[in-house]
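> Let me give you the structure first, and then I'll get to my questions.
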Amino acid sequence: FKFISQQKIIMAKKSLLSLPITEDFIKKTGGDDALKLVKICEKKGNKVTDEEIGKQLKHLKITEIRTILNRLHYRGIACYAKTRNNKTGWYSYTWDIKERRIAELILEEQAQEVARLEKTLDFEKNYVFFGCKNVCENVPFEIAAEYNFMCPKCGKKMTTIDNKKRLKNIKKQIETINTELQTLGKSI
């Protein structure tokens, strides 16, 4: 039984880190090399020193690794334990990645994105939009009327825009995010 539950945990970790939404979030939070760093920490399965990470990421200086770790630490993704070497007086830091925190942050961020998209969808449904042939920008009727249906950027005549395609794209974005959130929720 213990072996099976550990195996499930390992599978959940792999699936969480392999999700595109997770990869993008980690890169956005810690930089381009953050995903490699997180995967190294997870592969080790226990606390890892920044020097051990440096042996794996040879193209990075130890200060760059610490910068990434500190960015992740700021968001609660990376946690450290500090120990002092009594002979040298130097401190040693061992790092641990909190996958549950990654999932929580992504869920929070994506919930805000879905709310924003739903607000945009409601706005798009309730207004008639106008735009010019140069596609400078689409504006609601009220703004187009203020400019006498002439584009405020290029001066060309504005006509009504069929925003069905845009509405369909927004709905698809919401569905995609909700699907990713369901997958993410299952992996934690």
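For the structure tokens, the naming scheme is as follows: chains receive sequential letters (A, B, ...) according to their order of presentation, residues are indexed from 1 within each chain, and ligands are indexed from 1 in presentation order.
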Please produce, as a Markdown table, a per-residue contact table for range 106-157 of chain A versus range 171-187 of chain A (criterion: any atom at most 12 Å away, only C-alpha atoms considered), showing the nearest atom pair and its distance in Å to one decimal, sorted by chain then residue number.


| residue | atom | partner | partner_atom | distance |
| --- | --- | --- | --- | --- |
| A:Ile106 | CA | A:Leu181 | CA | 8.3 |
| A:Leu107 | CA | A:Leu181 | CA | 6.5 |
| A:Glu108 | CA | A:Leu181 | CA | 9.9 |
| A:Glu109 | CA | A:Leu181 | CA | 10.5 |
| A:Gln110 | CA | A:Ile177 | CA | 7.0 |
| A:Ala111 | CA | A:Ile177 | CA | 8.7 |
| A:Gln112 | CA | A:Ile177 | CA | 10.8 |
| A:Glu113 | CA | A:Ile177 | CA | 8.5 |
| A:Val114 | CA | A:Ile174 | CA | 5.9 |
| A:Ala115 | CA | A:Ile174 | CA | 9.1 |
| A:Arg116 | CA | A:Ile174 | CA | 9.8 |
| A:Leu117 | CA | A:Ile174 | CA | 6.9 |
| A:Glu118 | CA | A:Ile174 | CA | 7.7 |
| A:Lys119 | CA | A:Ile174 | CA | 11.2 |
| A:Thr120 | CA | A:Lys171 | CA | 10.2 |
| A:Leu121 | CA | A:Lys171 | CA | 7.6 |
| A:Asp122 | CA | A:Lys171 | CA | 10.7 |
| A:Glu124 | CA | A:Lys171 | CA | 11.3 |
| A:Lys125 | CA | A:Lys171 | CA | 11.5 |

> If we count only C-alpha atoms, what is near range 153-159 of chain A at a cut-off of 7 Å, once residues fewer than 6 positions away on the same chain are taken out, given as a PDB file with N, CA, C and O atoms, in the first residue's frame?


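The result, stored in out20.pdb:
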ATOM      1  N   PHE A 130     -17.722  49.040 -33.514  1.00  0.00           N
ATOM      2  CA  PHE A 130     -17.396  49.645 -34.799  1.00  0.00           C
ATOM      3  C   PHE A 130     -15.880  49.659 -34.970  1.00  0.00           C
ATOM      4  O   PHE A 130     -15.141  49.760 -33.998  1.00  0.00           O
ATOM      5  N   GLY A 131     -15.449  49.564 -36.229  1.00  0.00           N
ATOM      6  CA  GLY A 131     -14.028  49.612 -36.545  1.00  0.00           C
ATOM      7  C   GLY A 131     -13.809  50.092 -37.955  1.00  0.00           C
ATOM      8  O   GLY A 131     -14.730  50.106 -38.771  1.00  0.00           O
ATOM      9  N   CYS A 132     -12.570  50.486 -38.243  1.00  0.00           N
ATOM     10  CA  CYS A 132     -12.225  50.975 -39.576  1.00  0.00           C
ATOM     11  C   CYS A 132     -11.593  49.856 -40.412  1.00  0.00           C
ATOM     12  O   CYS A 132     -11.292  48.785 -39.897  1.00  0.00           O
ATOM     13  N   CYS A 136      -7.623  49.627 -36.746  1.00  0.00           N
ATOM     14  CA  CYS A 136      -6.880  50.331 -35.690  1.00  0.00           C
ATOM     15  C   CYS A 136      -7.336  49.841 -34.322  1.00  0.00           C
ATOM     16  O   CYS A 136      -6.516  49.449 -33.502  1.00  0.00           O
TER      17      CYS A 136
END

> Please report, as a PyMOL selection string, each residue of chain A to which DSSP assigns helix (DSSP H, G or I) when run on this structure's backbone.

chain A and resi 2-18+20-30+34-44+50-56+62-74+99-126+141-146+164-187

> Which residue out of A:Val128, A:Ala34, A:Val135, A:Ala145 has the minimum interatomic distance to Arg71 in chain A when only C-alpha atoms are used?

A:Ala34

> Got a sec: who's within 9 Å of Ile26 in chain A, counting only C-alpha atoms, leaving out chain neighbours fewer than 3 positions off, as a list in words?

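Residues near the query, excluding close chain neighbours: Ile21, Thr22, Glu23, Thr29, Gly30, Gly31, Asp32, Ala34, Leu35, Val38, Leu72 and Ile102 of chain A.
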
> Please, what distance in Å, to one decimal, runs between CA of Lys28 in chain A and CA of Lys168 in chain A?

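About the pair CA of Lys28 in chain A and CA of Lys168 in chain A: they are 27.4 Å apart.
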
> Out of range 46-100 of chain A, which residues get strand (DSSP E or B) from DSSP, as a ChimeraX atom specification?

/A:48-49,78-84,91-97

> Would you mind exporting the chosen residues as a PDB file, in the first residue's frame, restricted to C-alpha atoms?


ATOM      1  CA  VAL A  48      18.706  20.160  -2.281  1.00  0.00           C
ATOM      2  CA  THR A  49      21.500  22.659  -1.781  1.00  0.00           C
ATOM      3  CA  ALA A  78      10.704  27.332  -2.744  1.00  0.00           C
ATOM      4  CA  CYS A  79      11.381  27.001   0.969  1.00  0.00           C
ATOM      5  CA  TYR A  80      14.758  26.690   2.647  1.00  0.00           C
ATOM      6  CA  ALA A  81      16.352  25.438   5.820  1.00  0.00           C
ATOM      7  CA  LYS A  82      19.468  27.238   7.052  1.00  0.00           C
ATOM      8  CA  THR A  83      22.222  25.362   8.886  1.00  0.00           C
ATOM      9  CA  ARG A  84      25.530  26.670  10.147  1.00  0.00           C
ATOM     10  CA  TYR A  91      25.637  28.967   6.466  1.00  0.00           C
ATOM     11  CA  SER A  92      24.314  26.293   4.159  1.00  0.00           C
ATOM     12  CA  TYR A  93      20.847  26.446   2.611  1.00  0.00           C
ATOM     13  CA  THR A  94      18.824  23.421   1.552  1.00  0.00           C
ATOM     14  CA  TRP A  95      15.852  24.054  -0.672  1.00  0.00           C
ATOM     15  CA  ASP A  96      12.529  22.294  -1.111  1.00  0.00           C
ATOM     16  CA  ILE A  97       9.860  22.931  -3.762  1.00  0.00           C
TER      17      ILE A  97
END

> Considering only C-alpha atoms, state which residue in the set A:Leu19, A:Met150, A:Leu69, A:Leu60 is at the smallest distance from Cys41 in chain A.

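When distances to Cys41 in chain A are compared using only C-alpha atoms, the smallest one comes from A:Leu69.
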
> Please provide the set of residues having any atom within 9 Å of Asp33 in chain A, restricted to only C-alpha atoms, with same-chain residues fewer than 6 positions apart removed, written as a VMD selection string.

chain A and resid 27 57 60 65 68

> Export C-alpha atoms of the chosen residues as a compact mmCIF listing (two decimals), in the first residue's frame?


# COMPACT_ATOMS: atom_id res chain seq x y z
CA LYS A 27 9.03 30.38 -16.08
CA LEU A 57 22.86 23.63 -14.25
CA LEU A 60 24.43 29.22 -14.52
CA ILE A 65 20.68 29.98 -9.15
CA ILE A 68 15.92 32.07 -9.15
